[in-house]
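Working notes for the structure below.
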Amino acid sequence: RVCRHQETIDANTGRRHRIWVHVDGAWGGSAIFSQRSDVSNLLSGVQLSDSFTFNPHKMLGAPNQTTAFITRHRGLLKASNSTGAKYLFDPRKNGAEYDLGDSTYTCGRRPDAIKLWALWKYHGREGLGRRVDQKVDSLDMLVQLIQQHDAFMLACESWPFNVNFFYLPQRIRDALKKRKICTSNRQSCPSLPDDISRDLAKVSVDLKLRLHEAGEMIIPFQPLNNQMADCFRLVLAGEKTLSRTDFVQLLATMDRYGRDF
């Protein structure tokens, strides 16, 4: 999820009511490789679900596109997707049980599993776990810098895998201060007046375009359920580790290009 949100997985209730419990870990699901309790515990209970998915091409940096769909129900994928094409799949041949083509609607196209397998084989679980942990620590550093910078404000409660924030030009800072709205609270979602939200929405779009046209960066803006205004969102992927200096430069560049809004 874009904002921090956790739900208790009650698989027994799901089975009792014949409800399929699926966990969408598209981005944060890679935390399953972490051996740090503060990170791995975010997926506590996932083993009770009927299915779980995550995208190694995101946080882990596997080649695009790599998606893993995992289910506890053996044979389910084949039962759901098989077309039984005789010219492709014949159970009488040697090693037929290893032919997974009939278990997916993509048949023989682009075997995503080999990309995850190769990444896992090379780095091992510990290596992939460290990659996840580095992203969590780096983004926590960014959160601290945002809290310390008058020109930025978190858009929602901080989350280990992505940071959502607003850029605040001086005039908006003055308006928030006048209305006694705190801009440095990490654990709560700020409630912004409608007029300021409309103004912030325009700032986010215009600043993104200005940064892009100047060749400085391409940083996305997007909506949040708890905010009227679009905010900026930063996520980290792949092997590269960003330092404090990188984040300081990122915020300074945004401030330099946006301070006249």
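Each chain in the structure tokens gets a letter, A, B, ..., in the order shown, and its residues are numbered from 1; ligands are numbered from 1 in order too.
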Report task. Could you give me, as a PyMOL selection string, each residue of region 70-177 of chain A that DSSP assigns to helix (DSSP H, G or I) when run on this structure's backbone? Result -> chain A and resi 76-81+96-98+101-103+112-148+170-177
Requested in this report: Please provide as a PyMOL selection string all residues within 7 Å of region 202-209 of chain A, with the sequence filter that same-chain residues fewer than 6 positions apart are discarded (counting only C-alpha atoms).
Outcome: chain A and resi 219+221+230-232+258+261
Requested in this report: Please identify all polymer residues within 10 Å of Asp50 (chain A), counting only C-alpha atoms, omitting same-chain residues fewer than 6 positions from it, and present them as a ChimeraX atom specification.
Outcome: /A:11,14-15,19-23,70-73
Can you write just those residues out, N, CA, C and O atoms, as a CSV table (one decimal), in the first residue's frame?
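Final file, again22.csv:
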```
chain,number,residue,atom,x,y,z
A,11,ALA,N,-7.1,-16.4,8.8
A,11,ALA,CA,-7.3,-17.5,7.8
A,11,ALA,C,-8.4,-18.4,8.2
A,11,ALA,O,-9.2,-18.9,7.4
A,14,GLY,N,-11.6,-16.9,7.2
A,14,GLY,CA,-11.7,-17.1,5.8
A,14,GLY,C,-12.2,-18.4,5.3
A,14,GLY,O,-13.1,-18.6,4.5
A,15,ARG,N,-11.6,-19.5,5.9
A,15,ARG,CA,-12.0,-20.8,5.6
A,15,ARG,C,-13.4,-21.1,6.0
A,15,ARG,O,-14.1,-21.8,5.3
A,19,ILE,N,-13.9,-17.9,2.2
A,19,ILE,CA,-13.3,-16.7,1.6
A,19,ILE,C,-11.9,-16.9,1.3
A,19,ILE,O,-11.1,-17.4,2.2
A,20,TRP,N,-11.4,-16.6,0.1
A,20,TRP,CA,-10.0,-16.7,-0.3
A,20,TRP,C,-9.3,-15.6,0.3
A,20,TRP,O,-9.6,-14.4,0.0
A,21,VAL,N,-8.3,-15.8,1.1
A,21,VAL,CA,-7.5,-14.8,1.7
A,21,VAL,C,-6.2,-14.6,0.9
A,21,VAL,O,-5.3,-15.4,0.9
A,22,HIS,N,-6.1,-13.4,0.2
A,22,HIS,CA,-5.0,-13.1,-0.6
A,22,HIS,C,-4.2,-11.9,-0.1
A,22,HIS,O,-4.8,-10.9,0.4
A,23,VAL,N,-2.9,-12.0,0.0
A,23,VAL,CA,-2.0,-10.9,0.4
A,23,VAL,C,-1.3,-10.3,-0.8
A,23,VAL,O,-0.5,-11.0,-1.4
A,70,ILE,N,2.3,-17.0,-5.1
A,70,ILE,CA,2.6,-18.2,-4.3
A,70,ILE,C,1.2,-18.6,-3.6
A,70,ILE,O,0.5,-17.8,-3.1
A,71,THR,N,0.9,-19.9,-3.7
A,71,THR,CA,-0.3,-20.4,-3.1
A,71,THR,C,0.0,-21.7,-2.3
A,71,THR,O,0.9,-22.5,-2.7
A,72,ARG,N,-0.8,-21.9,-1.3
A,72,ARG,CA,-0.6,-23.1,-0.5
A,72,ARG,C,-1.4,-24.3,-1.0
A,72,ARG,O,-1.2,-25.4,-0.6
A,73,HIS,N,-2.1,-24.0,-2.1
A,73,HIS,CA,-3.0,-25.1,-2.7
A,73,HIS,C,-2.3,-25.7,-3.9
A,73,HIS,O,-2.3,-25.2,-5.0
```
Report task. Counting only C-alpha atoms, figure out which residue out of A:Asp38, A:Asp90, A:Asp112, A:Asp255 gets nearest to Thr66 (chain A). Result ->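 Of A:Asp38, A:Asp90, A:Asp112, A:Asp255, the one nearest Thr66 (chain A), counting only C-alpha atoms, is A:Asp112.
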Query raised in the report: Looking at only C-alpha atoms, which of A:Gly238, A:Met59, A:Gly28, A:Tyr257 is the one that sits closest to Leu43 (chain A)?
Result: A:Gly28
Report summary line: Using only C-alpha atoms, the shortest atom-to-atom distance to Thr13 (chain A) among A:Gly124, A:Ser49, A:Arg198, A:Ser40 belongs to A:Ser49
Report task. Do a neighbour search on Pro193 (chain A) at 12 Å with only C-alpha atoms, toss out local chain neighbours closer than 3 positions, and write the hits as a list in words. Result ->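 Here the answer would be Ile172, Ala175, Leu176, Arg179, Lys180, Ile181, Pro190, Ile196, Ser197, Arg198, Asp199, Leu200, Gln227, Met228 and Ala229 of chain A.
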For the selection you just gave me, I'd like the residues written to a file as a short mmCIF file (atom, residue, chain, number, x, y, z; two decimals), in the first residue's frame, keeping all heavy atoms.
```cif
data_model
loop_
_atom_site.label_atom_id
_atom_site.label_comp_id
_atom_site.auth_asym_id
_atom_site.auth_seq_id
_atom_site.Cartn_x
_atom_site.Cartn_y
_atom_site.Cartn_z
N ILE A 172 2.52 28.81 1.79
CA ILE A 172 1.69 27.75 2.37
C ILE A 172 2.16 27.44 3.78
O ILE A 172 1.34 27.19 4.68
CB ILE A 172 1.73 26.49 1.47
CG1 ILE A 172 1.03 26.77 0.14
CG2 ILE A 172 1.07 25.30 2.17
CD1 ILE A 172 0.96 25.59 -0.80
N ALA A 175 0.59 29.99 5.93
CA ALA A 175 -0.84 29.74 6.12
C ALA A 175 -1.07 28.61 7.13
O ALA A 175 -1.98 28.68 7.98
CB ALA A 175 -1.50 29.40 4.79
N LEU A 176 -0.25 27.55 7.07
CA LEU A 176 -0.38 26.44 8.01
C LEU A 176 -0.02 26.88 9.42
O LEU A 176 -0.69 26.49 10.40
CB LEU A 176 0.53 25.28 7.57
CG LEU A 176 0.12 24.56 6.29
CD1 LEU A 176 1.22 23.58 5.86
CD2 LEU A 176 -1.19 23.81 6.48
N ARG A 179 -2.76 28.78 11.04
CA ARG A 179 -3.88 27.95 11.48
C ARG A 179 -3.44 26.89 12.49
O ARG A 179 -4.19 25.98 12.82
CB ARG A 179 -4.53 27.27 10.27
CG ARG A 179 -5.03 28.28 9.24
CD ARG A 179 -5.85 27.63 8.16
NE ARG A 179 -5.98 28.52 7.01
CZ ARG A 179 -6.81 28.31 5.99
NH1 ARG A 179 -7.59 27.22 6.00
NH2 ARG A 179 -6.87 29.15 4.99
N LYS A 180 -2.19 26.99 12.93
CA LYS A 180 -1.63 26.11 13.96
C LYS A 180 -1.67 24.64 13.56
O LYS A 180 -2.02 23.76 14.35
CB LYS A 180 -2.36 26.31 15.29
CG LYS A 180 -2.22 27.73 15.84
CD LYS A 180 -2.94 27.90 17.16
CE LYS A 180 -2.76 29.33 17.68
NZ LYS A 180 -3.43 29.54 18.99
N ILE A 181 -1.31 24.37 12.30
CA ILE A 181 -1.24 23.00 11.79
C ILE A 181 0.21 22.55 11.81
O ILE A 181 1.07 23.16 11.16
CB ILE A 181 -1.83 22.90 10.38
CG1 ILE A 181 -3.31 23.28 10.39
CG2 ILE A 181 -1.64 21.50 9.81
CD1 ILE A 181 -3.94 23.32 9.01
N PRO A 190 -1.74 14.54 8.62
CA PRO A 190 -2.19 15.92 8.80
C PRO A 190 -3.52 16.16 8.10
O PRO A 190 -3.75 15.70 6.99
CB PRO A 190 -1.07 16.75 8.16
CG PRO A 190 -0.44 15.82 7.17
CD PRO A 190 -0.54 14.45 7.78
N ILE A 196 -6.14 25.00 1.20
CA ILE A 196 -4.71 24.70 1.16
C ILE A 196 -4.45 23.43 0.36
O ILE A 196 -3.47 23.34 -0.38
CB ILE A 196 -4.14 24.58 2.58
CG1 ILE A 196 -4.16 25.95 3.26
CG2 ILE A 196 -2.72 24.01 2.57
CD1 ILE A 196 -3.61 25.96 4.67
N SER A 197 -5.34 22.46 0.48
CA SER A 197 -5.19 21.22 -0.29
C SER A 197 -5.25 21.48 -1.79
O SER A 197 -4.47 20.93 -2.57
CB SER A 197 -6.29 20.22 0.10
OG SER A 197 -6.11 19.76 1.42
N ARG A 198 -6.17 22.34 -2.20
CA ARG A 198 -6.27 22.67 -3.63
C ARG A 198 -5.00 23.37 -4.11
O ARG A 198 -4.50 23.12 -5.21
CB ARG A 198 -7.50 23.55 -3.88
CG ARG A 198 -8.82 22.80 -3.80
CD ARG A 198 -9.97 23.66 -4.31
NE ARG A 198 -10.22 24.79 -3.43
CZ ARG A 198 -11.08 24.76 -2.40
NH1 ARG A 198 -11.75 23.65 -2.14
NH2 ARG A 198 -11.27 25.83 -1.65
N ASP A 199 -4.46 24.23 -3.28
CA ASP A 199 -3.23 24.93 -3.61
C ASP A 199 -2.05 23.96 -3.69
O ASP A 199 -1.24 24.00 -4.62
CB ASP A 199 -2.96 26.00 -2.55
CG ASP A 199 -2.17 27.17 -3.10
OD1 ASP A 199 -1.71 27.08 -4.25
OD2 ASP A 199 -2.02 28.17 -2.38
N LEU A 200 -1.96 23.05 -2.71
CA LEU A 200 -0.88 22.06 -2.69
C LEU A 200 -0.94 21.13 -3.90
O LEU A 200 0.09 20.71 -4.43
CB LEU A 200 -0.95 21.23 -1.40
CG LEU A 200 -0.11 21.69 -0.22
CD1 LEU A 200 -0.31 20.74 0.96
CD2 LEU A 200 1.36 21.78 -0.60
N GLN A 227 -5.91 12.38 1.75
CA GLN A 227 -5.58 13.74 1.36
C GLN A 227 -6.30 14.14 0.07
O GLN A 227 -6.45 13.34 -0.84
CB GLN A 227 -4.07 13.88 1.15
CG GLN A 227 -3.22 13.62 2.37
CD GLN A 227 -3.36 14.71 3.42
OE1 GLN A 227 -4.03 15.71 3.22
NE2 GLN A 227 -2.72 14.51 4.56
N MET A 228 -6.71 15.38 0.02
CA MET A 228 -7.32 15.90 -1.21
C MET A 228 -6.24 16.20 -2.25
O MET A 228 -6.47 16.06 -3.46
CB MET A 228 -8.12 17.17 -0.90
CG MET A 228 -8.78 17.80 -2.12
SD MET A 228 -9.58 19.39 -1.72
CE MET A 228 -10.81 18.85 -0.55
N ALA A 229 -5.09 16.64 -1.78
CA ALA A 229 -4.01 17.03 -2.69
C ALA A 229 -3.12 15.85 -3.04
O ALA A 229 -2.86 14.98 -2.20
CB ALA A 229 -3.17 18.13 -2.04
#
```
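A straight line drawn from CA of Leu116 (chain A) to CA of Gly101 (chain A) is 17.1 Å long.
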Report task. Calculate how many Å separate CA of Ala96 (chain A) from CA of Pro111 (chain A), rounding to one decimal. Result ->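 Going from CA of Ala96 (chain A) over to CA of Pro111 (chain A) covers 17.0 Å.
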Query - Coordinates-based distance that separates CA of Ala113 (chain A) from CA of Ser82 (chain A) (Å, one decimal) - result: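 Separation of CA of Ser82 (chain A) and CA of Ala113 (chain A): 18.4 Å.
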Selection: 9 Å around Arg173 (chain A), only C-alpha atoms, excl. self and same-chain fewer than 3 positions, as a CSV table (one decimal) with N, CA, C and O atoms, in the first residue's frame:
```
chain,number,residue,atom,x,y,z
A,150,ASP,N,11.7,22.7,7.0
A,150,ASP,CA,10.5,23.5,7.1
A,150,ASP,C,9.7,23.4,5.8
A,150,ASP,O,8.5,23.6,5.8
A,151,ALA,N,10.3,23.1,4.7
A,151,ALA,CA,9.7,23.2,3.4
A,151,ALA,C,9.0,21.9,3.0
A,151,ALA,O,8.4,21.8,1.9
A,168,LEU,N,6.2,22.4,0.6
A,168,LEU,CA,5.4,23.5,1.1
A,168,LEU,C,6.2,24.8,0.8
A,168,LEU,O,7.2,25.2,1.4
A,169,PRO,N,5.7,25.6,-0.2
A,169,PRO,CA,6.3,26.9,-0.5
A,169,PRO,C,6.1,27.8,0.8
A,169,PRO,O,5.2,27.5,1.6
A,170,GLN,N,6.8,28.9,0.9
A,170,GLN,CA,6.8,29.7,2.0
A,170,GLN,C,5.3,30.2,2.3
A,170,GLN,O,4.9,30.2,3.5
A,176,LEU,N,-0.3,27.6,7.1
A,176,LEU,CA,-0.4,26.4,8.0
A,176,LEU,C,0.0,26.9,9.4
A,176,LEU,O,-0.7,26.5,10.4
A,177,LYS,N,1.0,27.7,9.5
A,177,LYS,CA,1.4,28.2,10.9
A,177,LYS,C,0.3,29.0,11.5
A,177,LYS,O,0.0,29.0,12.7
A,178,LYS,N,-0.3,29.9,10.6
A,178,LYS,CA,-1.3,30.8,11.1
A,178,LYS,C,-2.5,30.0,11.6
A,178,LYS,O,-3.2,30.4,12.6
A,183,THR,N,3.5,20.5,11.0
A,183,THR,CA,4.0,19.9,9.7
A,183,THR,C,5.1,18.9,10.0
A,183,THR,O,5.7,18.4,9.0
```
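Taking only C-alpha atoms into account, Arg171 (chain A) lies nearest to A:Asp260 out of the set A:Val136, A:Gly29, A:Asp260, A:Phe247.
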Requested in this report: For Phe33 (chain A), work out the shell of residues within 12 Å, counting only C-alpha atoms and skipping chain neighbours fewer than 5 positions away, then give it as an MDAnalysis selection string.
Outcome: chainID A and resid 28 39:43 54 56 59:60 120 123:133
Query raised in the report: For Lys86 (chain A), which residue out of A:Asp246, A:Glu213, A:Asp174, A:Asp102 is the nearest one, using only C-alpha atoms?
Result: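 The shortest atom-to-atom distance to Lys86 (chain A) comes from A:Asp102.
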Query raised in the report: Can you list, as a list in words, every protein, DNA or RNA residue that comes within 12 Å of Lys115 (chain A) when you count only C-alpha atoms, leaving out same-chain residues fewer than 4 positions away?
Result: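 In the requested format, the answer is Asn55, Pro56, His57, Leu60, Gly61, Ala62, Pro63, Asn64, Gln65, Thr66, Thr67, Ala68, Arg110, Pro111, Leu119, Trp120, Lys121 and Tyr122 of chain A.
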Hey, can you spit out that residue selection with C-alpha atoms as a tab-separated table (two decimals), in the first residue's frame?
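New file result_8.tsv:
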```tsv
chain	number	residue	atom	x	y	z
A	55	ASN	CA	7.20	-8.20	-7.39
A	56	PRO	CA	10.97	-8.85	-7.19
A	57	HIS	CA	11.54	-6.31	-9.98
A	60	LEU	CA	14.86	-6.32	-5.06
A	61	GLY	CA	15.75	-4.95	-8.49
A	62	ALA	CA	15.18	-8.11	-10.53
A	63	PRO	CA	14.83	-7.62	-14.32
A	64	ASN	CA	11.48	-6.18	-15.29
A	65	GLN	CA	9.01	-7.80	-15.16
A	66	THR	CA	9.20	-10.40	-12.40
A	67	THR	CA	6.14	-11.36	-10.39
A	68	ALA	CA	5.77	-14.21	-7.94
A	110	ARG	CA	9.01	-15.19	-20.56
A	111	PRO	CA	9.69	-17.47	-17.60
A	119	LEU	CA	18.85	-13.31	-8.14
A	120	TRP	CA	18.22	-15.54	-5.12
A	121	LYS	CA	20.95	-17.99	-6.12
A	122	TYR	CA	23.55	-15.23	-6.49
```
